[in-house]
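Working notes for the structure below.
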Amino acid sequence: MQTRTLTPIDLRSLRYLIAIVEWGTFARAAEKLGVTQPALSRSMQALEQVLGVKLLDRGKSGATPTVFGRVLIERGRELISDADAITREVALLGGSETGEIAVGAGAYPAEICVGVAAGRLLARRPGLNLRVSVGDWPDLTASVLSEELDLAICDVAGAESNPRLRVERLPQHQGLVFCRTGHPLATRKSLTLDDVRAFPMALSALPDRVAPLLHHGGALGPNATAPAVHVDTFQLARDIVLQSNTLGAAVDAQIADEVRDGRAVILPIELPWLVTNYGFIHRAGRTLAPSLEMFMAEVRAVENELVTKPSPAAAKSKDKAAKPKR
C-alpha cells in the first residue's frame with residue numbers, strides 16, 4: 001500500500017478559509033482580506049487539492065463549510081491564535097521601547113495604582129502601545145486564561161488555586177466606608193454593621209469572602225457577588241455616593257480630596273475584613289515581555305509609596321471628631 005505524502009498547510013490559506021465562511025461569500029471575503037476574488041478561489045482550490053477533500057459547498061446563497069471544512073476551521077482558529085500569540089510574544093521580547101501590552105484592572109486597583117503606574121511607564125516609553133481594560137475580577141481572570149490579556153491586576157480570589165495562572169499579591173489596604181455629607185449616618189458617633197447594611201452600597205463585583213457581610217439588607221440574592229448598586233469603576237461609585245444615600249467603600253487615598261473638601265465623611269466603623277486582596281495575575285509558563293516587567297515594577301513602586309504615605313482622609317476625619325464643640 002502506497003503511503004500518501006502530506007503537504008503542510010500554510011496559515012494564510014487557513015485565514016482565507018475562515019474569512020470566506022465568516023463573510024459568507026468569496027467576494028466579501030476577498031474585499032475584507034484585500035485580495036482579488038480569483039486569487040482567493042485559487043488558494044481554496046489548492047488547499048482542497050493538498051488535503052484531498054472538499055472544504056466548501058458553493059451555492060447561490062454563498063459558501064458553507066463541509067464537514068471537513070468545519071473541522072479544519074475549528075482547528076485552524078486555534079493554530080492562528082497560537083501563531084499570533086507567538087509572533088506577538090517574540091516581538092515584545094525584542095525590546096521594551098515599542099510593542100503592545102494588554103492589561104486588565106479591577107475597579108479599585110485601576111484607581112489606586114494602575115493609572116499612575118501606566119502614566120509613569122509611558123513617560124519613559126512613549127512608543128509603547130498600552131491597552132488597559134477595567135472590569136470585574138472574574139471576567140479579568142478569564143481574559144488572562146484566554147490570553148486576551150497579558151496581565152490582570154485584580155482580586156486574586158480563585159486565581160491562586162488555578163495551576164494555569166501565576167499570582168503575585170500586592171500590599172493590602174484597609175477599606176473605609178464613606179457617605180456624602182448630609183447622609184443620615186454622617187453625624188453618628190458610632191455604627192454597627194447592621195446600620196451600614198441598611199443602605200445600598202455602590203461597589204464592583206464582591207469577592208466571596210466579603211459578599212455575605214456587606215450585602216444590602218443582610219439577605220443574599222441569587223448572585224451574592226453582585227452588590228445592590230453594581231458599578232465598573234470607582235469613579236462611578238464615588239459620584240453616586242456623593243449624590244444619594246448610597247454608601248461606598250474606598251481606600252483612604254481614593255476619597256482624601258472629598259473628605260478634605262467636606263463633601264464626604266468617613267463613617268465611624270472599623271471593618272478589619274474589608275481589605276483589598278488584589279495582585280498580579282498572568283498565565284503560568286509564559287515569558288513576560290520586558291515592557292510588562294517594567295509596568296509591574298511601576299505598579300509595585302506606586303503601591304509601596306501608598307503603604308508608607310500618611311493617611312490624609314483618616315487623619316482629617318479623626319481631627320474633625322476630636323475637635324470640641326463650642
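Ordering of the C-alpha cells sets the chain letters (A, B, ...); residue numbers start at 1 within each chain; ligands are numbered from 1 in the order shown.
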#### Entry: All residues 12 Å or closer to Asn162 of chain A, only C-alpha atoms, same chain fewer than 3 positions away omitted, as number ranges by chain
A: 141-142, 144-145, 156-159, 165-167, 281-284
Could the residues in this selection be written to a file with N, CA and C atoms, as a CSV table (one decimal), in the first residue's frame?
chain,number,residue,atom,x,y,z
A,141,THR,N,-9.9,37.6,35.2
A,141,THR,CA,-9.2,36.3,35.3
A,141,THR,C,-9.4,35.4,34.1
A,142,ALA,N,-10.7,35.4,33.6
A,142,ALA,CA,-11.0,34.6,32.4
A,142,ALA,C,-10.3,35.1,31.2
A,144,VAL,N,-7.3,36.6,31.2
A,144,VAL,CA,-5.9,36.2,31.3
A,144,VAL,C,-5.8,34.7,30.8
A,145,LEU,N,-6.7,33.9,31.2
A,145,LEU,CA,-6.7,32.5,30.9
A,145,LEU,C,-6.8,32.3,29.3
A,156,VAL,N,-7.5,38.4,43.7
A,156,VAL,CA,-6.9,37.1,43.3
A,156,VAL,C,-7.8,35.9,43.7
A,157,ALA,N,-9.0,36.2,44.1
A,157,ALA,CA,-9.9,35.1,44.5
A,157,ALA,C,-10.1,34.1,43.3
A,158,GLY,N,-9.8,32.9,43.6
A,158,GLY,CA,-9.9,31.9,42.6
A,158,GLY,C,-8.7,31.7,41.7
A,159,ALA,N,-7.8,32.7,41.6
A,159,ALA,CA,-6.7,32.5,40.7
A,159,ALA,C,-5.6,31.7,41.4
A,165,LEU,N,-2.3,29.6,36.2
A,165,LEU,CA,-2.1,31.0,36.5
A,165,LEU,C,-1.0,31.2,37.5
A,166,ARG,N,-0.3,32.3,37.4
A,166,ARG,CA,0.7,32.7,38.4
A,166,ARG,C,0.2,34.0,39.1
A,167,VAL,N,0.3,34.1,40.4
A,167,VAL,CA,-0.3,35.2,41.2
A,167,VAL,C,0.9,35.8,42.1
A,281,ILE,N,-2.0,38.8,38.1
A,281,ILE,CA,-2.4,37.5,37.6
A,281,ILE,C,-1.9,37.4,36.2
A,282,HIS,N,-1.1,36.4,35.8
A,282,HIS,CA,-0.8,36.1,34.5
A,282,HIS,C,-0.6,34.7,34.2
A,283,ARG,N,-0.6,34.3,33.0
A,283,ARG,CA,-0.5,32.9,32.6
A,283,ARG,C,0.8,32.2,33.1
A,284,ALA,N,0.7,31.0,33.6
A,284,ALA,CA,1.8,30.3,34.0
A,284,ALA,C,2.6,29.8,32.8
### Task
Taking the DSSP assignment computed from this structure's backbone, write out as a PyMOL selection string all residues of segment 100-216 of chain A that belong to helix (DSSP H, G or I).
chain A and resi 107-124+137-145+193-197+211-214+216
### Query
Residues at most 10 Å from Leu191 of chain A, counting only C-alpha atoms, excluding those fewer than 5 positions away in the same chain, as a PyMOL selection string?
chain A and resi 185+196+267-270
Same residues, C-alpha atoms, saved as a PDB file, in the first residue's frame:
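Resulting contents of out.pdb:
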ATOM      1  CA  LEU A 185     -25.342  58.295  59.119  1.00  0.00           C
ATOM      2  CA  VAL A 196     -24.302  50.137  57.310  1.00  0.00           C
ATOM      3  CA  LEU A 267     -18.133  56.546  58.780  1.00  0.00           C
ATOM      4  CA  PRO A 268     -17.045  55.565  62.304  1.00  0.00           C
ATOM      5  CA  ILE A 269     -16.976  51.810  61.874  1.00  0.00           C
ATOM      6  CA  GLU A 270     -13.979  49.509  61.745  1.00  0.00           C
TER       7      GLU A 270
END
### Task
Could you give me, as an MDAnalysis selection string, the residues within 12 Å of Gln254 of chain A, counting only C-alpha atoms and dropping anything in the same chain fewer than 5 positions from it?
chainID A and resid 107:113 173:178 234:235 237:238 248:249 259:260 264 266 306 311:314
Could you write those residues out with N, CA and C atoms, as a PDB file, in the first residue's frame?
ATOM      1  N   ALA A 107     -11.726  47.549  39.513  1.00  0.00           N
ATOM      2  CA  ALA A 107     -12.138  48.935  39.746  1.00  0.00           C
ATOM      3  C   ALA A 107     -11.254  49.634  40.777  1.00  0.00           C
ATOM      4  N   TYR A 108     -10.844  48.926  41.825  1.00  0.00           N
ATOM      5  CA  TYR A 108     -10.061  49.570  42.881  1.00  0.00           C
ATOM      6  C   TYR A 108      -8.590  49.727  42.509  1.00  0.00           C
ATOM      7  N   PRO A 109      -7.900  48.673  42.063  1.00  0.00           N
ATOM      8  CA  PRO A 109      -6.511  48.912  41.647  1.00  0.00           C
ATOM      9  C   PRO A 109      -6.385  49.874  40.475  1.00  0.00           C
ATOM     10  N   ALA A 110      -7.398  49.923  39.594  1.00  0.00           N
ATOM     11  CA  ALA A 110      -7.355  50.881  38.483  1.00  0.00           C
ATOM     12  C   ALA A 110      -7.243  52.297  39.011  1.00  0.00           C
ATOM     13  N   GLU A 111      -7.979  52.581  40.079  1.00  0.00           N
ATOM     14  CA  GLU A 111      -7.984  53.918  40.668  1.00  0.00           C
ATOM     15  C   GLU A 111      -6.779  54.136  41.572  1.00  0.00           C
ATOM     16  N   ILE A 112      -6.367  53.089  42.282  1.00  0.00           N
ATOM     17  CA  ILE A 112      -5.339  53.238  43.313  1.00  0.00           C
ATOM     18  C   ILE A 112      -3.927  53.294  42.725  1.00  0.00           C
ATOM     19  N   CYS A 113      -3.621  52.381  41.799  1.00  0.00           N
ATOM     20  CA  CYS A 113      -2.219  52.286  41.364  1.00  0.00           C
ATOM     21  C   CYS A 113      -2.009  52.159  39.859  1.00  0.00           C
ATOM     22  N   HIS A 173      -4.662  47.092  51.534  1.00  0.00           N
ATOM     23  CA  HIS A 173      -5.063  48.408  52.012  1.00  0.00           C
ATOM     24  C   HIS A 173      -6.389  48.270  52.760  1.00  0.00           C
ATOM     25  N   GLN A 174      -6.480  48.937  53.890  1.00  0.00           N
ATOM     26  CA  GLN A 174      -7.703  48.887  54.677  1.00  0.00           C
ATOM     27  C   GLN A 174      -8.814  49.672  53.984  1.00  0.00           C
ATOM     28  N   GLY A 175      -9.970  49.051  53.912  1.00  0.00           N
ATOM     29  CA  GLY A 175     -11.116  49.710  53.314  1.00  0.00           C
ATOM     30  C   GLY A 175     -11.885  50.539  54.331  1.00  0.00           C
ATOM     31  N   LEU A 176     -12.422  51.662  53.890  1.00  0.00           N
ATOM     32  CA  LEU A 176     -13.229  52.546  54.719  1.00  0.00           C
ATOM     33  C   LEU A 176     -14.612  52.664  54.103  1.00  0.00           C
ATOM     34  N   VAL A 177     -15.626  52.846  54.931  1.00  0.00           N
ATOM     35  CA  VAL A 177     -16.972  53.087  54.423  1.00  0.00           C
ATOM     36  C   VAL A 177     -17.218  54.590  54.480  1.00  0.00           C
ATOM     37  N   PHE A 178     -17.703  55.150  53.372  1.00  0.00           N
ATOM     38  CA  PHE A 178     -17.911  56.596  53.345  1.00  0.00           C
ATOM     39  C   PHE A 178     -19.289  56.931  52.786  1.00  0.00           C
ATOM     40  N   PHE A 234     -14.545  52.871  40.095  1.00  0.00           N
ATOM     41  CA  PHE A 234     -14.730  53.538  41.387  1.00  0.00           C
ATOM     42  C   PHE A 234     -15.239  54.963  41.198  1.00  0.00           C
ATOM     43  N   GLN A 235     -14.851  55.611  40.129  1.00  0.00           N
ATOM     44  CA  GLN A 235     -15.322  56.979  39.875  1.00  0.00           C
ATOM     45  C   GLN A 235     -16.853  57.024  39.818  1.00  0.00           C
ATOM     46  N   ALA A 237     -18.869  54.897  41.329  1.00  0.00           N
ATOM     47  CA  ALA A 237     -19.340  54.679  42.699  1.00  0.00           C
ATOM     48  C   ALA A 237     -19.258  55.968  43.506  1.00  0.00           C
ATOM     49  N   ARG A 238     -18.152  56.672  43.399  1.00  0.00           N
ATOM     50  CA  ARG A 238     -17.953  57.909  44.148  1.00  0.00           C
ATOM     51  C   ARG A 238     -19.001  58.958  43.757  1.00  0.00           C
ATOM     52  N   GLY A 248     -20.428  53.962  50.067  1.00  0.00           N
ATOM     53  CA  GLY A 248     -19.323  53.459  49.268  1.00  0.00           C
ATOM     54  C   GLY A 248     -18.226  52.912  50.146  1.00  0.00           C
ATOM     55  N   ALA A 249     -17.374  52.096  49.560  1.00  0.00           N
ATOM     56  CA  ALA A 249     -16.185  51.586  50.248  1.00  0.00           C
ATOM     57  C   ALA A 249     -14.971  52.047  49.458  1.00  0.00           C
ATOM     58  N   VAL A 259     -13.041  64.197  51.335  1.00  0.00           N
ATOM     59  CA  VAL A 259     -13.108  64.396  52.793  1.00  0.00           C
ATOM     60  C   VAL A 259     -12.530  65.752  53.163  1.00  0.00           C
ATOM     61  N   ARG A 260     -11.413  66.101  52.547  1.00  0.00           N
ATOM     62  CA  ARG A 260     -10.770  67.378  52.825  1.00  0.00           C
ATOM     63  C   ARG A 260     -11.674  68.550  52.433  1.00  0.00           C
ATOM     64  N   ALA A 264     -17.471  64.547  51.616  1.00  0.00           N
ATOM     65  CA  ALA A 264     -17.657  63.158  52.031  1.00  0.00           C
ATOM     66  C   ALA A 264     -17.238  62.983  53.474  1.00  0.00           C
ATOM     67  N   ILE A 266     -16.051  59.886  56.333  1.00  0.00           N
ATOM     68  CA  ILE A 266     -15.710  58.502  56.627  1.00  0.00           C
ATOM     69  C   ILE A 266     -16.526  58.067  57.841  1.00  0.00           C
ATOM     70  N   LEU A 306       2.187  54.172  48.590  1.00  0.00           N
ATOM     71  CA  LEU A 306       0.914  54.274  49.301  1.00  0.00           C
ATOM     72  C   LEU A 306       1.000  53.691  50.704  1.00  0.00           C
ATOM     73  N   SER A 311      -2.100  58.795  56.126  1.00  0.00           N
ATOM     74  CA  SER A 311      -3.485  58.648  55.713  1.00  0.00           C
ATOM     75  C   SER A 311      -4.220  59.975  55.841  1.00  0.00           C
ATOM     76  N   PRO A 312      -4.303  60.777  54.758  1.00  0.00           N
ATOM     77  CA  PRO A 312      -4.890  62.113  54.874  1.00  0.00           C
ATOM     78  C   PRO A 312      -6.371  62.107  55.197  1.00  0.00           C
ATOM     79  N   ALA A 313      -7.137  61.226  54.588  1.00  0.00           N
ATOM     80  CA  ALA A 313      -8.585  61.212  54.823  1.00  0.00           C
ATOM     81  C   ALA A 313      -8.910  60.780  56.243  1.00  0.00           C
ATOM     82  N   ALA A 314      -8.235  59.728  56.705  1.00  0.00           N
ATOM     83  CA  ALA A 314      -8.484  59.248  58.057  1.00  0.00           C
ATOM     84  C   ALA A 314      -8.065  60.289  59.084  1.00  0.00           C
TER      85      ALA A 314
END
### Task
Fewer than 5 positions away in the same chain doesn't count, so skip those; otherwise give me all residues within 10 Å of Glu22 of chain A, counting only C-alpha atoms, as a count of residues only.
6
### Task
Could you check how far atom CA of Ser13 of chain A sits from atom CA of Leu47 of chain A, in Å to one decimal?
6.9 Å
### Selection: 9 Å around Ala297 of chain A, only C-alpha atoms, excl. self and same-chain fewer than 5 positions, as a PyMOL selection string
chain A and resi 117+292+302
Dump of N, CA and C atoms for the selected residues, as a compact mmCIF listing (two decimals), in the first residue's frame:
# COMPACT_ATOMS: atom_id res chain seq x y z
N ALA A 117 0.81 54.18 37.55
CA ALA A 117 1.89 53.34 37.03
C ALA A 117 1.94 53.38 35.51
N LEU A 292 6.28 44.52 29.99
CA LEU A 292 5.33 44.09 31.03
C LEU A 292 6.01 44.06 32.39
N VAL A 302 4.38 52.30 43.04
CA VAL A 302 3.23 53.09 43.49
C VAL A 302 2.63 52.49 44.75
### Coordinates-based distance that separates atom CA of Leu55 of chain A from atom CA of Gly76 of chain A (Å, one decimal)
12.8 Å
Find the residues around Val265 of chain A up to 8 Å (only C-alpha atoms counted), leave out those fewer than 5 positions away in its own chain, and share them as a short mmCIF file (atom, residue, chain, number, x, y, z; two decimals) with N, CA and C atoms, in the first residue's frame.
data_model
loop_
_atom_site.label_atom_id
_atom_site.label_comp_id
_atom_site.auth_asym_id
_atom_site.auth_seq_id
_atom_site.Cartn_x
_atom_site.Cartn_y
_atom_site.Cartn_z
N PHE A 178 -17.70 55.15 53.37
CA PHE A 178 -17.91 56.60 53.34
C PHE A 178 -19.29 56.93 52.79
N CYS A 179 -19.71 58.15 53.06
CA CYS A 179 -21.00 58.63 52.58
C CYS A 179 -20.88 60.12 52.27
N ARG A 180 -21.92 60.69 51.71
CA ARG A 180 -21.93 62.13 51.44
C ARG A 180 -22.18 62.89 52.73
N THR A 181 -21.73 64.12 52.80
CA THR A 181 -22.09 65.00 53.90
C THR A 181 -23.60 65.24 53.84
N ALA A 186 -24.09 60.34 58.65
CA ALA A 186 -22.89 61.17 58.64
C ALA A 186 -22.54 61.75 60.00
N VAL A 259 -13.04 64.20 51.34
CA VAL A 259 -13.11 64.40 52.79
C VAL A 259 -12.53 65.75 53.16
N SER A 317 -10.64 62.97 59.24
CA SER A 317 -11.83 62.50 59.92
C SER A 317 -11.64 62.47 61.43
#
### Message
Please report the interatomic distance between atom CA of Val21 of chain A and atom CA of Pro65 of chain A in Å with one decimal.
### Response
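A separation of 6.8 Å between them.
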### Query
Using only C-alpha atoms, which of A:Ile101, A:Gly34, A:Ile240, A:Ser204 sits nearest Ala289 of chain A?
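Selected residue with least distance to Ala289 of chain A: A:Ile101.
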### Task
DSSP on the backbone, then: every residue of segment 50-289 of chain A marked strand (DSSP E or B), written as a ChimeraX atom specification.
/A:56-59,62-65,100-105,129-134,151-155,165-169,174-180,201-203,229-230,247-251,264-266,275,278-283
